[in-house]
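> Here you go, entry-v9.csv (CSV, C-alpha atoms):
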```csv
chain,number,residue,atom,x,y,z
T,26,MET,CA,12.1,-2.2,-55.5
T,27,ILE,CA,14.6,-1.8,-52.7
T,28,PRO,CA,16.6,-5.1,-52.4
T,29,TYR,CA,16.9,-5.3,-48.6
T,30,ASP,CA,14.5,-4.6,-45.8
T,31,VAL,CA,16.7,-4.5,-42.7
T,32,ASP,CA,17.0,-0.7,-42.4
T,33,ILE,CA,14.9,1.2,-44.9
T,34,ARG,CA,16.9,4.5,-44.7
T,35,TRP,CA,20.3,2.8,-44.8
T,36,ASN,CA,19.4,0.6,-47.7
T,37,TYR,CA,17.7,3.3,-49.6
T,38,THR,CA,20.9,5.4,-49.5
T,39,LEU,CA,22.9,2.5,-51.0
T,40,TYR,CA,20.1,1.8,-53.4
T,41,MET,CA,20.1,5.3,-54.7
T,42,LEU,CA,23.9,5.5,-54.9
T,43,GLU,CA,24.2,2.2,-56.8
T,44,ASN,CA,21.5,3.3,-59.3
T,45,ALA,CA,23.1,6.7,-59.8
T,46,ILE,CA,26.5,5.1,-60.6
T,47,LYS,CA,24.8,2.5,-63.0
T,48,GLN,CA,22.8,5.2,-64.7
T,49,ARG,CA,25.6,7.7,-65.0
T,50,PRO,CA,25.5,8.1,-68.8
T,51,ALA,CA,21.7,8.6,-68.8
T,52,LEU,CA,21.9,11.2,-66.0
T,53,GLN,CA,24.6,13.1,-67.8
T,54,ASP,CA,22.6,13.1,-71.1
T,55,PHE,CA,19.5,14.2,-69.2
T,56,ILE,CA,21.3,17.1,-67.6
T,57,SER,CA,22.9,18.1,-70.9
T,58,ASN,CA,19.5,18.4,-72.5
T,59,TYR,CA,18.3,20.9,-69.8
T,60,PRO,CA,20.7,23.8,-69.4
T,61,GLU,CA,19.0,24.9,-66.2
T,62,LEU,CA,20.3,21.7,-64.5
T,63,LYS,CA,23.9,22.3,-65.6
T,64,HIS,CA,25.0,23.2,-62.1
T,65,LEU,CA,24.0,19.7,-61.0
T,66,LYS,CA,26.3,17.9,-63.3
T,67,PHE,CA,29.1,15.9,-61.7
T,68,ASP,CA,32.7,16.1,-62.9
T,69,THR,CA,35.0,13.0,-63.0
T,70,GLU,CA,36.3,13.6,-59.5
T,71,GLN,CA,32.8,13.9,-58.0
T,72,TRP,CA,31.7,10.6,-59.7
T,73,LYS,CA,34.8,9.0,-58.3
T,74,CYS,CA,34.0,10.3,-54.8
T,75,LEU,CA,30.4,9.0,-55.1
T,76,THR,CA,31.7,5.5,-56.0
T,77,GLN,CA,34.0,5.6,-53.0
T,78,ILE,CA,31.1,6.5,-50.7
T,79,ARG,CA,29.2,3.5,-52.1
T,80,ASP,CA,32.3,1.3,-51.5
T,81,LEU,CA,32.7,2.6,-48.0
T,82,LEU,CA,29.1,1.9,-47.0
T,83,LEU,CA,28.8,-1.6,-48.5
T,84,PRO,CA,30.8,-3.5,-45.8
T,85,PHE,CA,28.9,-1.7,-43.0
T,86,GLU,CA,25.6,-2.5,-44.7
T,87,GLU,CA,26.6,-6.2,-44.7
T,88,ILE,CA,27.4,-6.1,-41.0
T,89,THR,CA,24.1,-4.3,-40.3
T,90,ARG,CA,22.2,-7.1,-42.1
T,91,GLN,CA,24.1,-9.7,-40.1
T,92,VAL,CA,23.1,-8.3,-36.7
T,93,SER,CA,19.6,-7.4,-37.8
T,94,ARG,CA,18.5,-10.8,-39.1
T,95,ASP,CA,15.7,-12.7,-37.5
T,96,GLU,CA,17.9,-14.9,-35.3
T,97,PRO,CA,21.2,-13.0,-34.7
T,98,THR,CA,23.7,-14.8,-32.4
T,99,LEU,CA,25.8,-13.2,-29.6
T,100,SER,CA,28.8,-15.3,-30.5
T,101,MET,CA,29.1,-13.4,-33.8
T,102,ILE,CA,29.4,-10.0,-32.1
T,103,PRO,CA,33.1,-10.1,-31.2
T,104,SER,CA,34.1,-11.1,-34.7
T,105,LEU,CA,32.0,-8.4,-36.2
T,106,TYR,CA,33.6,-5.8,-34.0
T,107,VAL,CA,37.0,-7.0,-35.0
T,108,LYS,CA,36.0,-6.8,-38.6
T,109,MET,CA,34.7,-3.3,-38.3
T,110,GLU,CA,37.9,-2.2,-36.5
T,111,LYS,CA,40.1,-3.6,-39.2
T,112,LEU,CA,37.9,-2.0,-41.9
T,113,LEU,CA,38.0,1.5,-40.2
T,114,LYS,CA,41.8,1.3,-39.7
T,115,SER,CA,42.3,0.3,-43.4
T,116,ILE,CA,40.3,3.4,-44.5
T,117,ILE,CA,42.1,5.7,-42.1
T,118,ASN,CA,45.5,4.4,-43.1
T,119,LYS,CA,44.4,4.4,-46.8
T,120,GLU,CA,45.4,0.7,-47.3
T,121,GLY,CA,44.6,-1.6,-50.2
T,122,ASP,CA,41.3,-0.6,-51.9
T,123,TYR,CA,41.2,2.6,-49.8
T,124,ALA,CA,44.6,3.9,-50.9
T,125,SER,CA,43.0,6.6,-53.2
T,126,PHE,CA,40.1,7.4,-51.0
T,127,ASN,CA,39.0,11.1,-50.8
T,128,THR,CA,40.4,12.9,-47.8
T,129,SER,CA,36.9,13.9,-46.6
T,130,LEU,CA,36.0,10.2,-46.4
T,131,VAL,CA,39.1,9.4,-44.5
T,132,THR,CA,38.2,12.2,-42.1
T,133,ALA,CA,34.7,10.8,-41.7
T,134,ALA,CA,36.1,7.3,-41.0
T,135,THR,CA,38.5,8.7,-38.4
T,136,LYS,CA,35.6,10.4,-36.5
T,137,GLY,CA,33.6,7.2,-36.8
T,138,TYR,CA,36.4,5.2,-35.4
T,139,GLU,CA,36.6,7.4,-32.3
T,140,LYS,CA,32.9,6.7,-31.6
T,141,PHE,CA,33.3,3.0,-32.5
T,142,LYS,CA,36.1,2.6,-29.9
T,143,GLU,CA,33.7,3.7,-27.1
T,144,TYR,CA,31.3,0.8,-28.0
T,145,TYR,CA,34.1,-1.7,-28.6
T,146,ASN,CA,35.7,-1.0,-25.3
T,147,SER,CA,32.4,-1.3,-23.5
T,148,MET,CA,31.7,-4.7,-25.3
T,149,LYS,CA,35.1,-6.0,-24.3
T,150,LYS,CA,34.2,-5.6,-20.6
T,151,ASN,CA,30.9,-7.6,-21.0
T,152,ASP,CA,32.0,-11.2,-20.6
T,153,ILE,CA,28.7,-12.7,-21.9
T,154,TYR,CA,29.9,-12.0,-25.5
T,155,TRP,CA,33.2,-13.8,-24.9
T,156,VAL,CA,31.4,-16.7,-23.1
T,157,THR,CA,29.2,-17.3,-26.1
T,158,CYS,CA,32.2,-17.0,-28.4
T,159,VAL,CA,34.3,-19.7,-26.7
T,160,LEU,CA,31.4,-22.1,-26.1
T,161,ASP,CA,31.4,-23.1,-29.8
T,162,PRO,CA,33.3,-26.4,-29.5
T,163,ARG,CA,34.7,-26.1,-33.0
T,164,ILE,CA,36.6,-22.9,-32.1
T,165,LYS,CA,36.8,-22.6,-28.3
T,166,THR,CA,39.5,-20.0,-27.5
T,167,LYS,CA,41.4,-20.3,-30.8
T,168,TRP,CA,39.7,-17.3,-32.5
T,169,LEU,CA,40.0,-15.2,-29.4
T,170,LYS,CA,43.7,-15.8,-29.0
T,171,ARG,CA,44.3,-15.1,-32.7
T,172,ASN,CA,42.4,-11.8,-32.8
T,173,ILE,CA,42.2,-10.2,-29.3
T,174,PRO,CA,45.4,-8.8,-27.7
T,175,GLU,CA,43.8,-9.2,-24.2
T,176,ALA,CA,42.8,-12.8,-24.9
T,177,ASP,CA,44.6,-14.4,-21.8
T,178,GLU,CA,43.0,-11.9,-19.5
T,179,ILE,CA,39.5,-12.5,-21.0
T,180,ILE,CA,39.9,-16.3,-20.9
T,181,GLY,CA,40.9,-16.0,-17.2
T,182,ARG,CA,37.7,-14.0,-16.5
T,183,ILE,CA,35.5,-16.5,-18.4
T,184,LYS,CA,36.9,-19.5,-16.6
T,185,GLY,CA,36.4,-17.8,-13.3
T,186,TYR,CA,32.8,-16.9,-14.2
T,187,LEU,CA,32.0,-20.5,-15.4
T,188,LYS,CA,33.6,-22.0,-12.3
T,189,ARG,CA,31.5,-19.8,-10.0
T,190,ALA,CA,28.3,-20.5,-12.0
T,191,TYR,CA,28.9,-24.2,-12.3
T,192,PRO,CA,31.0,-25.3,-9.2
T,193,VAL,CA,32.2,-28.9,-9.0
T,194,LYS,CA,30.2,-30.7,-6.4
T,195,PRO,CA,31.9,-33.2,-4.1
T,196,GLU,CA,31.2,-36.9,-4.7
T,197,LEU,CA,28.5,-38.5,-2.6
T,198,PRO,CA,29.0,-41.9,-0.9
T,199,SER,CA,28.4,-44.5,-3.6
T,200,GLN,CA,25.0,-45.7,-2.5
T,201,SER,CA,23.7,-42.1,-1.7
T,202,ARG,CA,25.1,-40.9,-5.0
T,203,GLU,CA,23.3,-43.6,-7.0
T,204,ILE,CA,20.0,-42.8,-5.3
T,205,SER,CA,20.5,-39.1,-5.8
T,206,GLN,CA,21.4,-39.5,-9.5
T,207,LYS,CA,18.4,-41.6,-10.1
T,208,LYS,CA,16.2,-38.9,-8.6
T,209,LYS,CA,17.8,-36.1,-10.6
T,210,LYS,CA,18.2,-37.8,-14.0
T,211,SER,CA,16.6,-35.9,-16.7
T,212,LEU,CA,15.4,-37.3,-20.0
T,213,ALA,CA,18.4,-35.8,-21.7
T,214,TYR,CA,20.7,-37.4,-19.2
T,215,GLU,CA,19.1,-40.8,-19.7
T,216,TYR,CA,19.3,-40.4,-23.4
T,217,LEU,CA,23.1,-39.7,-23.3
T,218,GLU,CA,23.7,-42.4,-20.7
T,219,GLU,CA,22.2,-45.0,-23.0
T,220,TYR,CA,25.0,-44.4,-25.4
T,221,GLY,CA,27.8,-44.6,-22.9
T,222,ALA,CA,28.0,-40.9,-21.9
T,223,SER,CA,28.8,-40.0,-18.3
T,224,VAL,CA,29.0,-36.9,-16.1
T,225,ALA,CA,32.5,-36.5,-14.6
T,226,VAL,CA,33.1,-35.0,-11.2
T,227,GLU,CA,36.4,-33.6,-12.2
T,228,ASP,CA,36.7,-30.0,-13.4
T,229,ASP,CA,35.3,-30.2,-16.9
T,230,ILE,CA,35.8,-26.4,-17.4
T,231,ASP,CA,39.6,-26.7,-17.2
T,232,ARG,CA,39.4,-29.7,-19.6
T,233,TYR,CA,37.3,-27.7,-22.0
T,234,PHE,CA,39.8,-24.9,-22.1
T,235,ASP,CA,42.8,-27.2,-22.5
T,236,LEU,CA,43.6,-27.1,-26.2
T,237,SER,CA,46.8,-29.2,-25.9
T,238,GLY,CA,45.0,-32.2,-27.4
T,239,VAL,CA,43.2,-30.4,-30.1
```
The structure given in the file should be rewritten as structure tokens.


Amino acid sequence: MIPYDVDIRWNYTLYMLENAIKQRPALQDFISNYPELKHLKFDTEQWKCLTQIRDLLLPFEEITRQVSRDEPTLSMIPSLYVKMEKLLKSIINKEGDYASFNTSLVTAATKGYEKFKEYYNSMKKNDIYWVTCVLDPRIKTKWLKRNIPEADEIIGRIKGYLKRAYPVKPELPSQSREISQKKKKSLAYEYLEEYGASVAVEDDIDRYFDLSGV
């Protein structure tokens, strides 16, 4: 049974690789018993390369499952792109676990990185990803500033977009404002108001992006 069902072809490849590596002694014995299959026998270097292919594909399979789940979230996309970029650069530069990787795999990763950059650069221009990223109140702009060189530029664009989408409305005269608010109060508003919440007229967008008190 194939362990994952996100992408049958992708997972089947990893499934077969994993099983070939686990069953290496049995495969070698089987080939040794049939001389006509001798040309299919892997040497030590080929087995090493096969293991490296498995190790190279595993992180990408994890990312694929993340974005292919039943309820993926847009806010995760920027972090996944950053993770993929770091991974590809580590392979290309033969860093850490990838120091002894086969040259052909490094070449493949280099080609993959060239295509990846096209999508990454396109994603960077789409502010909806960054908006969903910073609207997590636990993180706001901290992750963006730590991981994206163009963070200040992107934050400026996001603030501009939010201010255009949700402009601050001038205060109404007290009596008119009270009547207007009573008419427009939603159930959610009344629920919050009961516990002392209020809607401020000041620019909440600037307050949200101000991390000085965090």

> If you count only C-alpha atoms, which residues fall within 12 Å of Leu130 (chain T), apart from same-chain ones fewer than 3 positions away, as a list of chain:residue names?

T:Cys74, T:Leu75, T:Thr76, T:Gln77, T:Ile78, T:Arg79, T:Asp80, T:Leu81, T:Leu82, T:Leu113, T:Ile116, T:Ile117, T:Asn118, T:Lys119, T:Tyr123, T:Ala124, T:Ser125, T:Phe126, T:Asn127, T:Ala133, T:Ala134, T:Thr135, T:Lys136, T:Gly137

> One decimal, in Å: what's the spacing between CA of Asp152 (chain T) and CA of Ile179 (chain T)?

7.6 Å

> Just to confirm, what's the straight-line distance from CA of Ala45 (chain T) to CA of Leu112 (chain T) in Å (one decimal)?

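These atoms are spaced 24.8 Å apart.
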
> Just how far from CA of Met101 (chain T) is CA of Thr157 (chain T), in Å to one decimal?

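The value is 8.6 Å.
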
> Give the answer as one residue: which of T:Ile173, T:Leu187, T:Ile56, T:Val156 has the shortest atom-to-atom distance to Ser104 (chain T), using only C-alpha atoms?

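For Ser104 (chain T), the nearest of the given residues is T:Ile173.
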